[in-house]
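Enquirer: Input structure: work-v9.txt, which contains compact mmCIF, C-alpha atoms and all ligand atoms.
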# COMPACT_ATOMS: atom_id res chain seq x y z
CA MET A 11 -16.62 -35.43 -27.98
CA SER A 12 -14.52 -36.96 -25.25
CA GLU A 13 -15.29 -36.33 -21.59
CA VAL A 14 -12.36 -33.94 -21.31
CA ASP A 15 -13.28 -32.01 -24.46
CA GLN A 16 -16.76 -31.38 -23.17
CA GLN A 17 -15.35 -29.67 -20.10
CA THR A 18 -12.62 -27.91 -22.02
CA CYS A 19 -12.88 -24.29 -22.98
CA VAL A 20 -10.15 -23.05 -25.31
CA ARG A 21 -10.12 -19.25 -25.62
CA PRO A 22 -10.19 -17.13 -27.61
CA GLN A 23 -12.06 -19.02 -30.29
CA GLY A 24 -11.43 -19.00 -34.05
CA GLU A 25 -7.98 -18.03 -35.24
CA PHE A 26 -6.38 -19.08 -31.99
CA GLN A 27 -7.75 -22.58 -32.28
CA LYS A 28 -5.93 -23.21 -35.57
CA SER A 29 -2.58 -23.01 -33.88
CA VAL A 30 -3.19 -24.48 -30.47
CA SER A 31 -1.89 -27.98 -31.01
CA GLY A 32 1.74 -27.24 -30.15
CA LEU A 33 0.90 -25.20 -27.07
CA PRO A 34 1.34 -26.47 -23.52
CA GLU A 35 -1.86 -27.66 -21.93
CA VAL A 36 -2.98 -26.19 -18.62
CA LEU A 37 -5.98 -26.48 -16.35
CA VAL A 38 -7.77 -23.43 -14.95
CA THR A 39 -10.06 -24.81 -12.27
CA ARG A 40 -12.74 -22.11 -12.29
CA ARG A 41 -13.95 -19.00 -14.09
CA ILE A 42 -11.48 -16.23 -13.19
CA PRO A 43 -11.32 -12.59 -14.36
CA GLU A 44 -10.79 -12.33 -18.13
CA ALA A 45 -7.55 -10.36 -17.77
CA GLY A 46 -5.84 -13.43 -16.32
CA LEU A 47 -7.53 -15.95 -18.53
CA GLU A 48 -6.60 -14.08 -21.71
CA LEU A 49 -2.94 -14.02 -20.75
CA VAL A 50 -2.97 -17.77 -20.22
CA ALA A 51 -4.94 -18.46 -23.40
CA GLU A 52 -2.39 -16.52 -25.51
CA GLN A 53 0.25 -19.10 -24.72
CA CYS A 54 -1.54 -22.26 -23.65
CA ARG A 55 -4.33 -24.64 -24.46
CA VAL A 56 -6.71 -24.09 -21.61
CA ARG A 57 -8.84 -26.74 -20.03
CA ARG A 58 -11.31 -25.00 -17.83
CA TRP A 59 -14.00 -25.92 -15.37
CA ASP A 60 -16.49 -23.35 -16.51
CA GLU A 61 -19.16 -23.50 -13.85
CA ASP A 62 -19.38 -20.96 -11.07
CA ARG A 63 -18.93 -23.50 -8.31
CA PRO A 64 -15.80 -25.33 -7.18
CA ILE A 65 -14.69 -28.06 -9.50
CA PRO A 66 -15.86 -31.44 -8.19
CA ARG A 67 -13.03 -33.71 -7.14
CA ASP A 68 -13.67 -36.31 -9.86
CA ARG A 69 -13.61 -33.61 -12.57
CA LEU A 70 -10.41 -32.15 -11.16
CA LEU A 71 -8.76 -35.55 -11.23
CA LYS A 72 -9.88 -36.12 -14.80
CA LEU A 73 -9.13 -32.68 -16.21
CA CYS A 74 -5.64 -32.44 -14.71
CA GLU A 75 -4.39 -35.52 -16.57
CA GLY A 76 -1.32 -34.66 -18.62
CA VAL A 77 -1.33 -30.89 -18.02
CA GLU A 78 1.86 -28.86 -17.56
CA GLY A 79 0.31 -26.32 -15.24
CA ILE A 80 -2.66 -25.86 -12.95
CA LEU A 81 -4.12 -22.46 -12.09
CA CYS A 82 -6.28 -23.17 -9.08
CA LEU A 83 -8.21 -21.46 -6.32
CA LEU A 84 -8.07 -21.85 -2.58
CA THR A 85 -11.16 -24.07 -2.81
CA ASP A 86 -9.26 -26.79 -4.71
CA ARG A 87 -7.30 -29.38 -2.76
CA ILE A 88 -4.14 -29.95 -4.78
CA ASP A 89 -2.59 -32.96 -3.10
CA ARG A 90 -0.47 -35.94 -4.06
CA GLU A 91 -3.38 -37.64 -5.84
CA VAL A 92 -3.81 -34.66 -8.16
CA MET A 93 -0.09 -34.42 -8.85
CA VAL A 94 0.09 -38.14 -9.61
CA ARG A 95 -2.91 -37.91 -11.93
CA ALA A 96 -1.47 -34.87 -13.67
CA GLY A 97 1.68 -36.85 -14.32
CA PRO A 98 5.31 -35.99 -14.93
CA LYS A 99 4.64 -33.03 -17.23
CA LEU A 100 3.24 -30.95 -14.37
CA LYS A 101 5.68 -28.11 -13.69
CA VAL A 102 3.70 -25.45 -11.92
CA ILE A 103 0.74 -24.94 -9.60
CA SER A 104 -0.40 -21.34 -9.47
CA VAL A 105 -2.84 -20.45 -6.69
CA MET A 106 -4.97 -17.36 -7.20
CA ALA A 107 -4.77 -16.46 -3.51
CA VAL A 108 -2.19 -15.39 -1.01
CA GLY A 109 -2.86 -18.43 1.20
CA TYR A 110 -1.71 -21.71 -0.31
CA ASP A 111 -2.60 -24.19 2.44
CA ASN A 112 -4.70 -26.06 -0.14
CA VAL A 113 -1.52 -27.27 -1.87
CA ASP A 114 0.66 -30.09 -0.56
CA LEU A 115 3.86 -28.11 -0.75
CA ALA A 116 6.11 -30.94 0.40
CA GLU A 117 4.80 -33.21 -2.35
CA ALA A 118 5.15 -30.44 -4.93
CA GLY A 119 8.74 -29.90 -3.79
CA ARG A 120 9.54 -33.62 -4.09
CA ARG A 121 8.27 -33.56 -7.65
CA GLY A 122 10.08 -30.36 -8.62
CA ILE A 123 6.79 -28.54 -9.12
CA VAL A 124 6.94 -24.82 -8.40
CA VAL A 125 4.03 -23.22 -6.58
CA GLY A 126 3.01 -19.59 -7.01
CA ASN A 127 0.64 -17.34 -5.06
CA THR A 128 -0.63 -13.75 -5.24
CA PRO A 129 0.71 -11.76 -2.28
CA GLY A 130 0.62 -7.99 -1.96
CA VAL A 131 -2.13 -7.13 -4.42
CA LEU A 132 -4.89 -8.11 -2.01
CA THR A 133 -3.44 -6.56 1.13
CA GLU A 134 -5.46 -3.34 1.13
CA ALA A 135 -8.74 -4.97 0.09
CA THR A 136 -8.41 -7.58 2.82
CA ALA A 137 -7.53 -4.99 5.45
CA ASP A 138 -10.56 -2.96 4.35
CA LEU A 139 -12.83 -5.98 4.68
CA THR A 140 -11.41 -6.65 8.13
CA TRP A 141 -12.45 -3.18 9.19
CA ALA A 142 -15.83 -3.58 7.54
CA LEU A 143 -16.34 -6.66 9.73
CA ILE A 144 -15.03 -4.99 12.89
CA LEU A 145 -17.44 -2.11 12.33
CA ALA A 146 -20.33 -4.33 11.31
CA VAL A 147 -20.19 -6.56 14.36
CA SER A 148 -19.39 -3.97 17.00
CA ARG A 149 -21.92 -1.40 15.72
CA LYS A 150 -24.54 -4.06 14.98
CA ILE A 151 -24.99 -3.01 11.36
CA VAL A 152 -26.34 -6.35 10.19
CA GLU A 153 -28.81 -6.64 13.07
CA GLY A 154 -29.92 -3.09 12.28
CA ASP A 155 -30.39 -3.95 8.63
CA ARG A 156 -32.58 -6.89 9.62
CA ILE A 157 -34.73 -4.63 11.80
CA MET A 158 -35.20 -2.13 8.97
CA ARG A 159 -36.13 -4.76 6.40
CA SER A 160 -38.58 -6.47 8.70
CA GLY A 161 -40.46 -3.24 9.38
CA ARG A 162 -39.67 -3.35 13.11
CA PHE A 163 -38.04 0.11 13.24
CA SER A 164 -40.30 2.47 15.14
CA GLY A 165 -37.96 5.45 15.30
CA TRP A 166 -34.83 6.57 17.12
CA ALA A 167 -34.50 4.96 20.51
CA PRO A 168 -31.97 5.69 23.23
CA MET A 169 -31.29 2.02 23.96
CA LEU A 170 -31.51 0.55 20.46
CA LEU A 171 -28.59 -1.65 19.32
CA LEU A 172 -25.91 -0.07 21.44
CA GLY A 173 -22.46 -1.06 20.25
CA ALA A 174 -18.84 -0.50 21.20
CA ASP A 175 -16.58 2.53 20.84
CA PHE A 176 -13.16 2.20 19.27
CA ALA A 177 -11.19 5.19 20.51
CA GLY A 178 -8.89 4.23 23.35
CA ARG A 179 -9.64 0.53 23.04
CA THR A 180 -7.19 -2.22 22.17
CA LEU A 181 -6.91 -4.01 18.85
CA GLY A 182 -4.98 -7.29 19.03
CA ILE A 183 -3.54 -8.50 15.72
CA VAL A 184 -2.45 -12.11 15.46
CA GLY A 185 -0.15 -12.44 12.45
CA MET A 186 1.65 -9.21 11.58
CA GLY A 187 2.34 -9.86 7.91
CA ARG A 188 1.30 -7.50 5.12
CA ILE A 189 -2.40 -7.67 5.94
CA GLY A 190 -1.89 -7.40 9.70
CA LYS A 191 0.20 -4.28 9.18
CA ALA A 192 -2.40 -2.72 6.88
CA VAL A 193 -5.07 -3.39 9.52
CA ALA A 194 -2.84 -1.78 12.17
CA LYS A 195 -2.38 1.37 10.03
CA ARG A 196 -6.14 1.79 9.81
CA ALA A 197 -6.48 1.38 13.58
CA LEU A 198 -4.51 4.59 14.08
CA GLY A 199 -7.33 6.50 12.42
CA PHE A 200 -9.73 5.09 14.99
CA GLY A 201 -7.50 6.16 17.87
CA MET A 202 -6.94 2.60 19.01
CA HIS A 203 -4.07 1.07 20.89
CA VAL A 204 -2.53 -1.77 18.82
CA ILE A 205 -0.90 -4.87 20.24
CA TYR A 206 0.28 -7.75 18.09
CA PHE A 207 1.69 -11.23 18.14
CA ASP A 208 3.71 -12.86 15.40
CA PRO A 209 6.38 -15.56 15.64
CA GLN A 210 8.66 -13.00 14.01
CA ARG A 211 8.78 -9.75 15.92
CA LEU A 212 8.93 -6.56 13.82
CA GLU A 213 11.94 -4.25 13.77
CA PRO A 214 11.64 -1.57 16.48
CA ALA A 215 11.40 1.18 13.82
CA LEU A 216 8.42 -0.53 12.22
CA GLU A 217 6.75 -1.12 15.59
CA GLN A 218 7.14 2.59 16.21
CA GLU A 219 5.77 3.55 12.80
CA LEU A 220 2.71 1.36 13.32
CA HIS A 221 2.37 2.30 16.99
CA ALA A 222 2.15 -1.42 17.60
CA GLN A 223 3.35 -3.16 20.73
CA TYR A 224 4.55 -6.76 20.68
CA VAL A 225 3.00 -9.07 23.30
CA PRO A 226 2.91 -12.85 23.74
CA LEU A 227 -0.16 -14.52 22.23
CA HIS A 228 -1.99 -15.30 25.46
CA GLU A 229 -1.45 -11.78 26.76
CA LEU A 230 -2.92 -10.44 23.52
CA ILE A 231 -5.96 -12.68 23.82
CA ALA A 232 -6.55 -11.58 27.41
CA LYS A 233 -6.02 -7.85 26.79
CA ALA A 234 -7.54 -7.10 23.38
CA ASP A 235 -11.03 -5.68 22.90
CA PHE A 236 -10.85 -6.91 19.31
CA VAL A 237 -8.81 -10.03 18.46
CA CYS A 238 -8.12 -10.07 14.71
CA LEU A 239 -6.63 -13.12 13.03
CA HIS A 240 -4.33 -12.65 10.05
CA CYS A 241 -2.03 -15.65 10.28
CA PRO A 242 -1.61 -18.38 7.67
CA LEU A 243 -3.11 -21.82 8.31
CA THR A 244 -0.35 -24.22 9.31
CA GLU A 245 -0.08 -27.17 11.70
CA GLN A 246 0.88 -24.65 14.40
CA THR A 247 -2.08 -22.32 13.82
CA HIS A 248 -4.79 -25.00 13.47
CA HIS A 249 -7.31 -24.25 16.28
CA LEU A 250 -5.07 -21.49 17.57
CA ILE A 251 -8.27 -20.07 19.04
CA GLY A 252 -10.10 -22.83 20.87
CA GLU A 253 -12.21 -23.16 24.00
CA ARG A 254 -9.35 -22.18 26.30
CA GLU A 255 -8.42 -19.05 24.36
CA LEU A 256 -12.06 -18.01 24.05
CA SER A 257 -12.44 -18.32 27.81
CA MET A 258 -9.41 -16.05 28.27
CA MET A 259 -10.91 -13.25 26.17
CA LYS A 260 -12.59 -10.29 27.85
CA PRO A 261 -16.37 -10.74 28.13
CA GLY A 262 -16.86 -7.58 26.04
CA ALA A 263 -14.35 -8.57 23.35
CA TYR A 264 -14.89 -9.46 19.70
CA LEU A 265 -13.15 -12.08 17.57
CA VAL A 266 -12.59 -11.34 13.87
CA ASN A 267 -11.28 -14.02 11.50
CA VAL A 268 -10.17 -13.04 8.01
CA SER A 269 -7.42 -15.67 7.75
CA ARG A 270 -8.47 -19.30 7.36
CA GLY A 271 -11.40 -21.04 9.04
CA PRO A 272 -9.54 -23.86 10.80
CA VAL A 273 -7.47 -21.32 12.77
CA VAL A 274 -10.58 -21.13 14.98
CA ASP A 275 -12.38 -24.05 16.60
CA GLU A 276 -15.73 -23.00 15.15
CA GLN A 277 -17.83 -25.24 17.37
CA ALA A 278 -16.15 -23.85 20.48
CA LEU A 279 -16.71 -20.33 19.16
CA THR A 280 -20.39 -21.04 18.52
CA THR A 281 -20.78 -22.24 22.10
CA ALA A 282 -18.95 -19.20 23.50
CA LEU A 283 -21.13 -16.85 21.44
CA ARG A 284 -24.33 -18.65 22.43
CA GLN A 285 -23.38 -18.43 26.10
CA GLY A 286 -22.44 -14.75 25.69
CA ARG A 287 -18.90 -15.43 26.94
CA ILE A 288 -17.60 -12.88 24.41
CA ALA A 289 -19.48 -9.94 22.91
CA GLY A 290 -19.41 -11.14 19.33
CA ALA A 291 -17.52 -12.41 16.31
CA ALA A 292 -17.20 -11.56 12.66
CA LEU A 293 -16.10 -14.28 10.29
CA ASP A 294 -15.07 -14.26 6.66
CA VAL A 295 -13.79 -17.84 6.68
CA TYR A 296 -15.08 -21.11 8.09
CA GLU A 297 -13.59 -24.29 9.43
CA HIS A 298 -15.43 -26.54 7.00
CA GLU A 299 -16.09 -23.96 4.30
CA PRO A 300 -18.64 -23.57 2.79
CA LEU A 301 -20.43 -25.33 5.68
CA LEU A 302 -21.00 -23.57 8.98
CA ALA A 303 -20.82 -25.03 12.47
CA PRO A 304 -24.28 -26.12 13.67
CA GLY A 305 -26.05 -23.30 15.46
CA LEU A 306 -23.85 -20.47 14.16
CA VAL A 307 -26.45 -18.94 11.86
CA GLU A 308 -28.98 -18.73 14.68
CA LEU A 309 -26.85 -16.27 16.63
CA ASN A 310 -27.31 -12.52 16.47
CA ASN A 311 -23.88 -11.67 17.85
CA VAL A 312 -22.00 -12.95 14.83
CA VAL A 313 -21.56 -11.37 11.40
CA LEU A 314 -20.95 -13.89 8.63
CA ALA A 315 -19.33 -12.93 5.33
CA PRO A 316 -18.88 -15.39 2.43
CA HIS A 317 -15.06 -15.27 2.19
CA LEU A 318 -14.87 -11.79 0.64
CA GLY A 319 -11.45 -10.67 1.90
CA SER A 320 -9.99 -9.89 -1.53
CA ALA A 321 -13.31 -9.47 -3.32
CA SER A 322 -12.97 -6.11 -5.04
CA ILE A 323 -13.00 -5.86 -8.82
CA GLU A 324 -9.53 -4.33 -9.11
CA THR A 325 -7.99 -6.72 -6.63
CA ARG A 326 -9.42 -9.85 -8.22
CA ASN A 327 -8.24 -8.64 -11.66
CA LYS A 328 -4.74 -8.13 -10.30
CA MET A 329 -4.79 -11.53 -8.64
CA ALA A 330 -5.86 -13.22 -11.87
CA VAL A 331 -3.07 -11.52 -13.84
CA MET A 332 -0.51 -12.37 -11.20
CA ALA A 333 -1.64 -15.99 -11.08
CA ALA A 334 -1.47 -16.15 -14.88
CA ARG A 335 2.07 -14.76 -14.91
CA ASN A 336 3.15 -17.25 -12.27
CA LEU A 337 1.64 -20.06 -14.33
CA LEU A 338 3.29 -18.94 -17.59
CA ALA A 339 6.69 -18.58 -15.94
CA GLY A 340 6.44 -22.08 -14.49
CA ILE A 341 5.35 -23.55 -17.82
CA SER A 342 8.39 -22.09 -19.54
CA GLY A 343 10.71 -23.51 -16.89
CA ARG A 344 11.29 -20.24 -15.04
CA VAL A 345 10.72 -19.64 -11.35
CA PRO A 346 7.36 -17.81 -11.01
CA PRO A 347 7.71 -14.16 -9.96
CA TYR A 348 5.83 -15.03 -6.76
CA CYS A 349 6.97 -18.49 -5.84
CA VAL A 350 6.47 -20.01 -2.40
CA ASN A 351 8.91 -22.90 -2.94
CA PRO A 352 11.73 -21.57 -5.12
CA PRO A 353 14.21 -24.30 -6.01
CA ALA A 354 17.46 -24.08 -4.06
CA ARG A 355 20.21 -22.40 -6.07
CA LYS A 356 22.96 -24.72 -7.19
CA GLY A 357 26.61 -23.98 -6.42
C1 LIG A 401 -7.86 -15.42 0.32
O1 LIG A 401 -8.34 -15.94 1.28
C2 LIG A 401 -6.50 -15.56 -0.08
O2 LIG A 401 -5.74 -16.34 0.56
O3 LIG A 401 -6.12 -14.93 -1.07
Let's see the structure in the file written out as structure tokens.

Expert:
Amino acid sequence: MSEVDQQTCVRPQGEFQKSVSGLPEVLVTRRIPEAGLELVAEQCRVRRWDEDRPIPRDRLLKLCEGVEGILCLLTDRIDREVMVRAGPKLKVISVMAVGYDNVDLAEAGRRGIVVGNTPGVLTEATADLTWALILAVSRKIVEGDRIMRSGRFSGWAPMLLLGADFAGRTLGIVGMGRIGKAVAKRALGFGMHVIYFDPQRLEPALEQELHAQYVPLHELIAKADFVCLHCPLTEQTHHLIGERELSMMKPGAYLVNVSRGPVVDEQALTTALRQGRIAGAALDVYEHEPLLAPGLVELNNVVLAPHLGSASIETRNKMAVMAARNLLAGISGRVPPYCVNPPARKG
């Protein structure tokens, strides 16, 4: 068996395998929900990295050779090197995520490769997780859990793990896209005042519906009791929250990041948390994921989730199907239903 064959998983087995030779070849870089994989396997020969860990770079470079499409995850860096190794047949890169900062979009554009993502289907799950983190950090749920498990709970105590109230306090949302809006809607139920910043201000009617007030970024950082990040990672948002911004936050404020790790200078955050300059932080994403900034795990005022934003069964199934449909459209020369770089129309 060749090196590629050993890593290749063509599904379903049996009857399907008799007729696969004429089918386009694609790479699926990790085990994804069956619903998506089956759709792809009906129409393609699937090379798949079958281990439940990100595909190592050398395997990615080997397995992508000659494929027409790549269905990848946010953990895979799909850059020029990958596109060159894949070769001229590569037509589509389908990311099973809403964020696609792992793909070199400019290079894909130059090569006429369409790139798809999975917006919309993960909005509610990600907004829910954001609130789970807000609640967990400000009501000290994780610290409480540690106390219970370690047998240190000696009964109700008037001063035990006192957290923050929500009603009447200010939630600051940075990035008012789909997820930011869904987080804002939930804030109404908690009786919070919502302020937001986004390079694109919402229509007045929508601001009214969400009870959200537009403010400049630095005003938001200085006023919010909870600063929630929901912006994409771009050159402009890299280290959007650094030492300076952290020093502008209220001493009793919390930072919540459910966007991308590098939006926050994680070392600066660790220092601010250690020095108690802000009340706490809850993170779902990390600057050098899966690694954490030195010292972060030692702190009690931070809640750390392993990038779970969209991690509900239904949502991940929908994402897999959507990513599969984007891939299949690209393979057959159509623009994927959710395409982040649609080719310019001629004429
Ligand atoms: C998750 O982080 C996503 O971008 O879908």

Enquirer: Residues at most 10 Å from ligand LIG 401 (chain A), using only C-alpha atoms and all ligand atoms? Could they come as a CSV table (one decimal) with C-alpha atoms, in the coordinates of the input?

Expert:
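Saved file part.csv follows:
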chain,number,residue,atom,x,y,z
A,83,LEU,CA,-8.2,-21.5,-6.3
A,84,LEU,CA,-8.1,-21.8,-2.6
A,85,THR,CA,-11.2,-24.1,-2.8
A,105,VAL,CA,-2.8,-20.4,-6.7
A,106,MET,CA,-5.0,-17.4,-7.2
A,107,ALA,CA,-4.8,-16.5,-3.5
A,108,VAL,CA,-2.2,-15.4,-1.0
A,109,GLY,CA,-2.9,-18.4,1.2
A,110,TYR,CA,-1.7,-21.7,-0.3
A,111,ASP,CA,-2.6,-24.2,2.4
A,112,ASN,CA,-4.7,-26.1,-0.1
A,127,ASN,CA,0.6,-17.3,-5.1
A,128,THR,CA,-0.6,-13.8,-5.2
A,129,PRO,CA,0.7,-11.8,-2.3
A,130,GLY,CA,0.6,-8.0,-2.0
A,131,VAL,CA,-2.1,-7.1,-4.4
A,132,LEU,CA,-4.9,-8.1,-2.0
A,133,THR,CA,-3.4,-6.6,1.1
A,136,THR,CA,-8.4,-7.6,2.8
A,242,PRO,CA,-1.6,-18.4,7.7
A,243,LEU,CA,-3.1,-21.8,8.3
A,268,VAL,CA,-10.2,-13.0,8.0
A,269,SER,CA,-7.4,-15.7,7.8
A,270,ARG,CA,-8.5,-19.3,7.4
A,271,GLY,CA,-11.4,-21.0,9.0
A,294,ASP,CA,-15.1,-14.3,6.7
A,295,VAL,CA,-13.8,-17.8,6.7
A,317,HIS,CA,-15.1,-15.3,2.2
A,318,LEU,CA,-14.9,-11.8,0.6
A,319,GLY,CA,-11.4,-10.7,1.9
A,320,SER,CA,-10.0,-9.9,-1.5
A,321,ALA,CA,-13.3,-9.5,-3.3
A,326,ARG,CA,-9.4,-9.8,-8.2
A,329,MET,CA,-4.8,-11.5,-8.6

Enquirer: Can you tell me how far atom CA of A:Gln246 sits from atom CA of A:Pro272, in Å to one decimal?

Expert: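 Between these atoms lies a distance of 11.1 Å.
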
Enquirer: List as a JSON list (two decimals) with C-alpha atoms, keeping the file's coordinate frame the protein and nucleic acid residues near stretch 224-237 of chain A, meaning an atom at most 7 Å away when only C-alpha atoms are counted, but skip any in the same chain fewer than 3 places from it.

Expert:
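Listed below is the output, around.json:
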[["chain", "number", "residue", "atom", "x", "y", "z"],
["A", 179, "ARG", "CA", -9.64, 0.53, 23.04],
["A", 180, "THR", "CA", -7.19, -2.22, 22.17],
["A", 181, "LEU", "CA", -6.91, -4.01, 18.85],
["A", 182, "GLY", "CA", -4.98, -7.29, 19.03],
["A", 183, "ILE", "CA", -3.54, -8.50, 15.72],
["A", 205, "ILE", "CA", -0.90, -4.87, 20.24],
["A", 206, "TYR", "CA", 0.28, -7.75, 18.09],
["A", 207, "PHE", "CA", 1.69, -11.23, 18.14],
["A", 255, "GLU", "CA", -8.42, -19.05, 24.36],
["A", 258, "MET", "CA", -9.41, -16.05, 28.27],
["A", 259, "MET", "CA", -10.91, -13.25, 26.17],
["A", 260, "LYS", "CA", -12.59, -10.29, 27.85],
["A", 262, "GLY", "CA", -16.86, -7.58, 26.04],
["A", 263, "ALA", "CA", -14.35, -8.57, 23.35],
["A", 264, "TYR", "CA", -14.89, -9.46, 19.70],
["A", 265, "LEU", "CA", -13.15, -12.08, 17.57],
["A", 266, "VAL", "CA", -12.59, -11.34, 13.87]]

Enquirer: Please report the interatomic distance between atom CA of A:Gly122 and atom CA of A:Ile42 in Å with one decimal.

Expert: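 So the two atoms, atom CA of A:Gly122 and atom CA of A:Ile42, lie 26.2 Å apart.
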
Enquirer: In Å, with one decimal, what is the gap from atom CA of A:Val274 to atom CA of A:His240?

Expert: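 For atom CA of A:Val274 relative to atom CA of A:His240, the distance reads 11.6 Å.
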
Enquirer: List the spatial neighbours of stretch 305-314 of chain A as a PDB file with C-alpha atoms, keeping the file's coordinate frame - criterion: any atom at most 8 Å away, all atoms listed in the file, same-chain residues fewer than 2 positions off excluded.

Expert:
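Result file is part.pdb:
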ATOM      1  CA  LEU A 143     -16.340  -6.660   9.730  1.00  0.00           C
ATOM      2  CA  ALA A 146     -20.330  -4.330  11.310  1.00  0.00           C
ATOM      3  CA  VAL A 147     -20.190  -6.560  14.360  1.00  0.00           C
ATOM      4  CA  VAL A 152     -26.340  -6.350  10.190  1.00  0.00           C
ATOM      5  CA  GLU A 153     -28.810  -6.640  13.070  1.00  0.00           C
ATOM      6  CA  THR A 280     -20.390 -21.040  18.520  1.00  0.00           C
ATOM      7  CA  LEU A 283     -21.130 -16.850  21.440  1.00  0.00           C
ATOM      8  CA  ARG A 284     -24.330 -18.650  22.430  1.00  0.00           C
ATOM      9  CA  ALA A 289     -19.480  -9.940  22.910  1.00  0.00           C
ATOM     10  CA  GLY A 290     -19.410 -11.140  19.330  1.00  0.00           C
ATOM     11  CA  ALA A 291     -17.520 -12.410  16.310  1.00  0.00           C
ATOM     12  CA  ALA A 292     -17.200 -11.560  12.660  1.00  0.00           C
ATOM     13  CA  LEU A 293     -16.100 -14.280  10.290  1.00  0.00           C
ATOM     14  CA  ASP A 294     -15.070 -14.260   6.660  1.00  0.00           C
ATOM     15  CA  LEU A 302     -21.000 -23.570   8.980  1.00  0.00           C
ATOM     16  CA  ALA A 303     -20.820 -25.030  12.470  1.00  0.00           C
ATOM     17  CA  PRO A 316     -18.880 -15.390   2.430  1.00  0.00           C
TER      18      PRO A 316
END

Enquirer: Tell me which protein, DNA and RNA residues are within 12 Å of A:Asp68, counting all atoms listed in the file, leaving out same-chain ones fewer than 6 positions away, and put them as a VMD selection string.

Expert: chain A and resid 13 to 14 59 74 to 75 86 to 87 91 to 92 95

Enquirer: Using only C-alpha atoms, pick whichever of A:Arg121, A:Leu71, A:Ala96, A:Ala135 has the shortest atom-to-atom distance to A:Ile323.

Expert: A:Ala135

Enquirer: Here is a test: counting all atoms listed in the file, which residue of A:Ser148, A:Arg69, A:Ala137, A:Ser164 is nearest to A:Ile189?

Expert: A:Ala137

Enquirer: List the neighbours of A:Met202 out to 10 Å using all atoms listed in the file; skip same-chain residues closer than 4 positions along the sequence, and give me the result as a ChimeraX atom specification.

Expert: /A:175-181,194,196-198,221

Enquirer: If you count all atoms listed in the file, which residues fall within 10 Å of A:Glu245, apart from same-chain ones fewer than 4 positions away, as a PDB file with C-alpha atoms, keeping the file's coordinate frame?

Expert:
ATOM      1  CA  HIS A 249      -7.310 -24.250  16.280  1.00  0.00           C
ATOM      2  CA  LEU A 250      -5.070 -21.490  17.570  1.00  0.00           C
ATOM      3  CA  VAL A 273      -7.470 -21.320  12.770  1.00  0.00           C
TER       4      VAL A 273
END

Enquirer: Return the single residue from A:Ile65, A:Val36, A:Ile103, A:Ala118 that is closest to A:Ala333, with distances computed using all atoms listed in the file.

Expert: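 Ranking A:Ile65, A:Val36, A:Ile103, A:Ala118 by distance to A:Ala333, first place goes to A:Ile103.
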